[in-house]
file coords_26.cif (mmCIF, C-alpha atoms)
data_input
loop_
_atom_site.group_PDB
_atom_site.id
_atom_site.type_symbol
_atom_site.label_atom_id
_atom_site.label_comp_id
_atom_site.auth_asym_id
_atom_site.auth_seq_id
_atom_site.Cartn_x
_atom_site.Cartn_y
_atom_site.Cartn_z
ATOM 1 C CA MET A 16 -174.613 -38.075 183.315
ATOM 2 C CA THR A 17 -176.164 -34.716 184.132
ATOM 3 C CA VAL A 18 -179.871 -34.546 184.914
ATOM 4 C CA ILE A 19 -181.759 -31.263 185.049
ATOM 5 C CA LEU A 20 -184.072 -31.025 188.026
ATOM 6 C CA GLN A 21 -186.357 -28.512 189.631
ATOM 7 C CA LEU A 22 -186.480 -27.891 193.372
ATOM 8 C CA SER A 23 -189.841 -28.928 194.732
ATOM 9 C CA SER A 24 -192.230 -26.109 195.555
ATOM 10 C CA ALA A 25 -192.963 -28.062 198.743
ATOM 11 C CA VAL A 26 -189.743 -26.598 200.110
ATOM 12 C CA SER A 27 -190.345 -23.021 199.021
ATOM 13 C CA GLU A 28 -188.914 -21.747 202.301
ATOM 14 C CA PRO A 29 -186.389 -23.430 204.589
ATOM 15 C CA ASP A 30 -187.965 -24.673 207.814
ATOM 16 C CA GLU A 31 -185.587 -24.764 210.767
ATOM 17 C CA GLU A 32 -188.001 -26.890 212.798
ATOM 18 C CA ALA A 33 -188.454 -29.585 210.176
ATOM 19 C CA SER A 34 -187.096 -32.947 211.248
ATOM 20 C CA PHE A 35 -187.061 -34.322 207.703
ATOM 21 C CA ASN A 36 -183.914 -32.927 206.151
ATOM 22 C CA LYS A 37 -183.873 -34.290 202.610
ATOM 23 C CA ILE A 38 -184.105 -31.863 199.727
ATOM 24 C CA PRO A 39 -186.841 -32.842 197.241
ATOM 25 C CA VAL A 40 -186.011 -32.155 193.578
ATOM 26 C CA TYR A 41 -188.096 -32.975 190.527
ATOM 27 C CA THR A 42 -186.824 -35.424 187.926
ATOM 28 C CA LYS A 43 -188.547 -36.500 184.739
ATOM 29 C CA ASP A 44 -189.611 -39.710 186.546
ATOM 30 C CA GLY A 45 -190.762 -38.195 189.835
ATOM 31 C CA ILE A 46 -189.205 -36.534 192.841
ATOM 32 C CA ARG A 47 -185.715 -37.400 194.040
ATOM 33 C CA LEU A 48 -184.939 -36.867 197.717
ATOM 34 C CA VAL A 49 -181.331 -35.770 198.168
ATOM 35 C CA SER A 50 -179.714 -36.003 201.595
ATOM 36 C CA PRO A 51 -177.569 -32.940 202.323
ATOM 37 C CA GLU A 52 -174.764 -35.239 203.538
ATOM 38 C CA ASP A 53 -174.628 -36.741 200.026
ATOM 39 C CA ILE A 54 -173.806 -33.323 198.550
ATOM 40 C CA ILE A 55 -170.065 -32.749 198.122
ATOM 41 C CA CYS A 56 -170.378 -29.274 196.677
ATOM 42 C CA CYS A 57 -172.610 -26.969 194.682
ATOM 43 C CA LYS A 58 -171.586 -24.837 191.723
ATOM 44 C CA ALA A 59 -173.488 -21.909 190.237
ATOM 45 C CA SER A 60 -174.497 -22.401 186.632
ATOM 46 C CA GLY A 61 -176.398 -19.298 185.552
ATOM 47 C CA ASN A 62 -179.685 -19.261 187.458
ATOM 48 C CA CYS A 63 -179.289 -22.964 188.201
ATOM 49 C CA THR A 64 -177.090 -24.881 190.617
ATOM 50 C CA MET A 65 -175.083 -28.019 189.855
ATOM 51 C CA LEU A 66 -175.021 -30.478 192.768
ATOM 52 C CA TYR A 67 -171.995 -32.799 192.922
ATOM 53 C CA LEU A 68 -172.977 -35.926 194.845
ATOM 54 C CA ARG A 69 -170.978 -38.619 196.659
ATOM 55 C CA ASP A 70 -171.905 -41.227 194.061
ATOM 56 C CA ARG A 71 -170.128 -38.962 191.542
ATOM 57 C CA SER A 72 -173.382 -38.037 189.824
ATOM 58 C CA LYS A 73 -174.296 -34.441 189.068
ATOM 59 C CA LEU A 74 -177.731 -32.883 189.290
ATOM 60 C CA VAL A 75 -178.767 -29.498 187.945
ATOM 61 C CA VAL A 76 -181.361 -27.834 190.171
ATOM 62 C CA THR A 77 -183.339 -24.901 188.795
ATOM 63 C CA ILE A 78 -182.643 -22.488 191.647
ATOM 64 C CA SER A 79 -179.787 -20.056 192.201
ATOM 65 C CA ILE A 80 -176.813 -20.912 194.375
ATOM 66 C CA GLY A 81 -177.927 -18.247 196.851
ATOM 67 C CA SER A 82 -181.293 -19.943 197.260
ATOM 68 C CA MET A 83 -179.602 -23.339 197.566
ATOM 69 C CA ALA A 84 -177.437 -21.971 200.382
ATOM 70 C CA GLU A 85 -180.617 -21.241 202.351
ATOM 71 C CA TYR A 86 -181.574 -24.942 202.293
ATOM 72 C CA LEU A 87 -178.184 -26.160 203.520
ATOM 73 C CA ASP A 88 -176.936 -26.184 207.115
ATOM 74 C CA ALA A 89 -174.460 -23.301 207.497
ATOM 75 C CA THR A 90 -172.480 -25.268 210.091
ATOM 76 C CA VAL A 91 -171.743 -27.981 207.504
ATOM 77 C CA PHE A 92 -171.804 -26.068 204.202
ATOM 78 C CA PHE A 93 -169.622 -23.040 203.470
ATOM 79 C CA ARG A 94 -169.908 -20.518 200.633
ATOM 80 C CA THR A 95 -166.292 -20.369 199.423
ATOM 81 C CA HIS A 96 -166.896 -18.148 196.423
ATOM 82 C CA LYS A 97 -169.790 -16.493 194.603
ATOM 83 C CA SER A 98 -169.987 -19.662 192.490
ATOM 84 C CA TRP A 99 -169.265 -22.408 195.045
ATOM 85 C CA ILE A 100 -170.612 -23.983 198.235
ATOM 86 C CA VAL A 101 -168.648 -26.844 199.835
ATOM 87 C CA ASN A 102 -169.593 -29.506 202.360
ATOM 88 C CA LEU A 103 -166.876 -28.971 204.987
ATOM 89 C CA MET A 104 -166.917 -32.697 205.813
ATOM 90 C CA GLU A 105 -165.779 -33.439 202.242
ATOM 91 C CA VAL A 106 -162.673 -31.197 202.200
ATOM 92 C CA ASP A 107 -159.512 -33.234 201.621
ATOM 93 C CA LYS A 108 -156.996 -30.442 200.939
ATOM 94 C CA LEU A 109 -156.877 -26.679 201.248
ATOM 95 C CA LEU A 110 -154.417 -25.101 198.827
ATOM 96 C CA VAL A 111 -153.772 -21.724 200.434
ATOM 97 C CA LYS A 112 -151.525 -20.185 197.750
ATOM 98 C CA SER A 113 -153.822 -20.996 194.842
ATOM 99 C CA ARG A 114 -156.948 -20.502 197.011
ATOM 100 C CA GLU A 115 -158.540 -23.826 196.129
ATOM 101 C CA ILE A 116 -160.155 -26.761 197.895
ATOM 102 C CA ILE A 117 -159.782 -30.355 196.757
ATOM 103 C CA SER A 118 -162.625 -32.643 197.830
ATOM 104 C CA TYR A 119 -162.246 -36.336 198.641
ATOM 105 C CA THR A 120 -163.700 -37.107 195.189
ATOM 106 C CA GLY A 121 -161.181 -34.847 193.459
ATOM 107 C CA GLU A 122 -163.396 -31.843 192.732
ATOM 108 C CA THR A 123 -161.455 -28.555 192.715
ATOM 109 C CA LEU A 124 -163.308 -25.533 194.103
ATOM 110 C CA ALA A 125 -162.305 -21.883 194.083
ATOM 111 C CA VAL A 126 -161.991 -19.932 197.336
ATOM 112 C CA SER A 127 -162.249 -16.157 197.162
ATOM 113 C CA ARG A 128 -159.563 -14.122 198.870
ATOM 114 C CA SER A 129 -162.092 -12.577 201.266
ATOM 115 C CA LYS A 130 -163.504 -15.987 202.318
ATOM 116 C CA MET A 131 -160.158 -17.670 203.081
ATOM 117 C CA PRO A 132 -159.853 -16.511 206.732
ATOM 118 C CA LYS A 133 -163.414 -17.630 207.591
ATOM 119 C CA LEU A 134 -162.899 -20.921 205.761
ATOM 120 C CA LYS A 135 -159.747 -21.636 207.755
ATOM 121 C CA GLN A 136 -161.660 -20.902 210.929
ATOM 122 C CA ALA A 137 -164.557 -23.159 209.878
ATOM 123 C CA LEU A 138 -162.070 -25.968 209.225
ATOM 124 C CA GLY A 139 -160.427 -25.399 212.625
ATOM 125 C CA LEU A 140 -157.131 -24.227 211.130
ATOM 126 C CA ASN A 141 -156.816 -20.960 213.068
#
call {"tool": "encode", "arguments": {"input": "coords_26.cif", "output": "structure tokens"}}
result
Amino acid sequence: MTVILQLSSAVSEPDEEASFNKIPVYTKDGIRLVSPEDIICCKASGNCTMLYLRDRSKLVVTISIGSMAEYLDATVFFRTHKSWIVNLMEVDKLLVKSREIISYTGETLAVSRSKMPKLKQALGLN
């Protein structure tokens, strides 16, 4: 089931000093707090971003993937492509020839040619 959400205006700008690291998103019933570690990957969908979560649910957040990248820790999340961000802790396989990542939940993500060297480095493969 896909639910369309809106990122809370309470997090209009990322705060590096904040100790509370959940991402608040609006639902029709209230505000859902999403832990970054529960995010497997993010996919661009127009001006929105689809979040793929560990519980296999999907949430559509009404911000761009570029803005979403600002809320996520760059040491854990990697922008593999103009349309994808992956949680590096969730990478199961890296398919170098086809330039794809397979997550532990089976999601297949594209990796751009230019991002492959940095991705390998981030995964400790170089």
call {"tool": "resolve_selection", "arguments": {"input": "coords_26.cif", "expression": "the PyMOL selection byres ((chain A and resi 115) around 10)", "output": "JSON, numbers by chain"}}
result
{"A": [95, 108, 109, 110, 111, 112, 113, 114, 116, 117, 118, 122, 123, 124, 125, 126, 127, 131]}
call {"tool": "residues_around", "arguments": {"input": "coords_26.cif", "residues": "segment 64-66 of chain A", "least_positions_apart": "3", "cutoff": "8 Å", "atoms": "all atoms listed in the file", "output": "PyMOL selection string"}}
result
chain A and resi 54-61+73-80+83
call {"tool": "atom_distance", "arguments": {"input": "coords_26.cif", "atom1": "atom CA of Asn36 of chain A", "atom2": "atom CA of Asn102 of chain A"}}
result
15.2 Å
call {"tool": "closest_residue", "arguments": {"input": "coords_26.cif", "among": "A:Thr120, A:Ser129, A:Ser72, A:Asn141", "to": "Lys97 of chain A", "atoms": "only C-alpha atoms"}}
result
A:Ser129
call {"tool": "closest_residue", "arguments": {"input": "coords_26.cif", "among": "A:Phe93, A:Ile100, A:Ala84, A:Tyr119", "to": "Lys133 of chain A", "atoms": "all atoms listed in the file"}}
result
A:Phe93
call {"tool": "decode", "arguments": {"input": "coords_26.cif", "residues": "segment 21-130 of chain A", "atoms": "C-alpha atoms", "output": "JSON list (two decimals), in the first residue's frame"}}
result
[["chain", "number", "residue", "atom", "x", "y", "z"],
["A", 21, "GLN", "CA", 4.11, 15.56, 3.21],
["A", 22, "LEU", "CA", 7.38, 16.33, 4.97],
["A", 23, "SER", "CA", 6.70, 18.31, 8.11],
["A", 24, "SER", "CA", 7.50, 22.01, 7.93],
["A", 25, "ALA", "CA", 9.06, 21.53, 11.37],
["A", 26, "VAL", "CA", 12.08, 20.13, 9.57],
["A", 27, "SER", "CA", 12.34, 22.82, 6.91],
["A", 28, "GLU", "CA", 16.13, 22.79, 7.21],
["A", 29, "PRO", "CA", 18.39, 19.95, 8.33],
["A", 30, "ASP", "CA", 19.91, 20.58, 11.76],
["A", 31, "GLU", "CA", 23.28, 18.93, 12.29],
["A", 32, "GLU", "CA", 23.12, 19.54, 16.04],
["A", 33, "ALA", "CA", 19.72, 17.95, 16.55],
["A", 34, "SER", "CA", 19.84, 14.82, 18.68],
["A", 35, "PHE", "CA", 16.40, 13.65, 17.56],
["A", 36, "ASN", "CA", 16.97, 12.05, 14.19],
["A", 37, "LYS", "CA", 13.54, 10.88, 13.06],
["A", 38, "ILE", "CA", 12.02, 12.42, 9.96],
["A", 39, "PRO", "CA", 8.47, 13.68, 10.58],
["A", 40, "VAL", "CA", 6.07, 13.23, 7.64],
["A", 41, "TYR", "CA", 2.38, 14.06, 7.51],
["A", 42, "THR", "CA", -0.20, 11.33, 7.01],
["A", 43, "LYS", "CA", -3.95, 11.71, 6.78],
["A", 44, "ASP", "CA", -4.16, 10.57, 10.44],
["A", 45, "GLY", "CA", -1.34, 12.67, 11.88],
["A", 46, "ILE", "CA", 2.43, 12.78, 11.70],
["A", 47, "ARG", "CA", 4.51, 9.65, 11.19],
["A", 48, "LEU", "CA", 8.07, 9.67, 12.53],
["A", 49, "VAL", "CA", 10.35, 7.67, 10.25],
["A", 50, "SER", "CA", 13.75, 6.54, 11.52],
["A", 51, "PRO", "CA", 16.43, 6.94, 8.85],
["A", 52, "GLU", "CA", 17.68, 3.41, 9.63],
["A", 53, "ASP", "CA", 14.26, 2.09, 8.56],
["A", 54, "ILE", "CA", 14.73, 3.56, 5.08],
["A", 55, "ILE", "CA", 16.14, 1.06, 2.58],
["A", 56, "CYS", "CA", 16.19, 3.44, -0.36],
["A", 57, "CYS", "CA", 14.53, 6.48, -1.87],
["A", 58, "LYS", "CA", 13.35, 6.86, -5.45],
["A", 59, "ALA", "CA", 12.50, 10.09, -7.25],
["A", 60, "SER", "CA", 8.92, 10.28, -8.45],
["A", 61, "GLY", "CA", 8.47, 13.65, -10.14],
["A", 62, "ASN", "CA", 8.70, 16.31, -7.43],
["A", 63, "CYS", "CA", 8.02, 13.67, -4.79],
["A", 64, "THR", "CA", 10.16, 10.94, -3.28],
["A", 65, "MET", "CA", 9.13, 7.33, -2.66],
["A", 66, "LEU", "CA", 10.59, 5.90, 0.56],
["A", 67, "TYR", "CA", 11.05, 2.12, 0.65],
["A", 68, "LEU", "CA", 11.00, 0.98, 4.27],
["A", 69, "ARG", "CA", 12.26, -2.15, 6.06],
["A", 70, "ASP", "CA", 8.72, -3.31, 6.76],
["A", 71, "ARG", "CA", 8.27, -3.38, 2.97],
["A", 72, "SER", "CA", 5.88, -0.44, 3.03],
["A", 73, "LYS", "CA", 6.29, 2.52, 0.71],
["A", 74, "LEU", "CA", 5.67, 6.16, 1.54],
["A", 75, "VAL", "CA", 5.46, 9.03, -0.92],
["A", 76, "VAL", "CA", 6.88, 12.24, 0.55],
["A", 77, "THR", "CA", 6.08, 15.54, -1.15],
["A", 78, "ILE", "CA", 9.66, 16.78, -1.47],
["A", 79, "SER", "CA", 12.24, 16.22, -4.19],
["A", 80, "ILE", "CA", 14.92, 13.56, -3.89],
["A", 81, "GLY", "CA", 17.54, 16.31, -3.68],
["A", 82, "SER", "CA", 15.83, 17.80, -0.65],
["A", 83, "MET", "CA", 15.45, 14.34, 0.90],
["A", 84, "ALA", "CA", 19.19, 13.79, 0.50],
["A", 85, "GLU", "CA", 19.79, 16.82, 2.73],
["A", 86, "TYR", "CA", 17.89, 15.15, 5.61],
["A", 87, "LEU", "CA", 19.82, 11.88, 5.39],
["A", 88, "ASP", "CA", 23.28, 11.17, 6.81],
["A", 89, "ALA", "CA", 25.75, 11.18, 3.89],
["A", 90, "THR", "CA", 27.92, 8.60, 5.65],
["A", 91, "VAL", "CA", 25.04, 6.10, 5.59],
["A", 92, "PHE", "CA", 23.05, 7.14, 2.51],
["A", 93, "PHE", "CA", 24.53, 7.38, -0.99],
["A", 94, "ARG", "CA", 23.07, 9.02, -4.09],
["A", 95, "THR", "CA", 23.62, 6.29, -6.69],
["A", 96, "HIS", "CA", 21.78, 7.96, -9.54],
["A", 97, "LYS", "CA", 19.74, 11.10, -10.19],
["A", 98, "SER", "CA", 16.67, 9.05, -9.21],
["A", 99, "TRP", "CA", 18.00, 6.91, -6.33],
["A", 100, "ILE", "CA", 19.45, 7.15, -2.82],
["A", 101, "VAL", "CA", 20.45, 3.92, -1.04],
["A", 102, "ASN", "CA", 21.09, 3.10, 2.61],
["A", 103, "LEU", "CA", 24.58, 1.57, 2.37],
["A", 104, "MET", "CA", 23.78, -0.74, 5.30],
["A", 105, "GLU", "CA", 21.02, -2.34, 3.20],
["A", 106, "VAL", "CA", 23.15, -3.26, 0.14],
["A", 107, "ASP", "CA", 23.18, -7.02, -0.44],
["A", 108, "LYS", "CA", 24.75, -7.18, -3.92],
["A", 109, "LEU", "CA", 26.53, -4.81, -6.27],
["A", 110, "LEU", "CA", 26.17, -5.84, -9.90],
["A", 111, "VAL", "CA", 29.08, -4.03, -11.53],
["A", 112, "LYS", "CA", 28.40, -4.94, -15.18],
["A", 113, "SER", "CA", 24.74, -3.93, -15.14],
["A", 114, "ARG", "CA", 25.43, -1.08, -12.67],
["A", 115, "GLU", "CA", 22.75, -2.08, -10.19],
["A", 116, "ILE", "CA", 22.39, -2.62, -6.45],
["A", 117, "ILE", "CA", 20.19, -5.31, -4.93],
["A", 118, "SER", "CA", 19.01, -4.55, -1.40],
["A", 119, "TYR", "CA", 18.38, -7.16, 1.29],
["A", 120, "THR", "CA", 14.64, -6.81, 0.58],
["A", 121, "GLY", "CA", 15.14, -7.39, -3.15],
["A", 122, "GLU", "CA", 14.81, -3.81, -4.41],
["A", 123, "THR", "CA", 16.89, -3.17, -7.55],
["A", 124, "LEU", "CA", 18.45, 0.30, -7.81],
["A", 125, "ALA", "CA", 20.28, 1.89, -10.72],
["A", 126, "VAL", "CA", 23.85, 3.15, -10.32],
["A", 127, "SER", "CA", 25.08, 5.77, -12.76],
["A", 128, "ARG", "CA", 28.39, 5.17, -14.48],
["A", 129, "SER", "CA", 29.92, 8.26, -12.87],
["A", 130, "LYS", "CA", 28.87, 7.21, -9.33]]
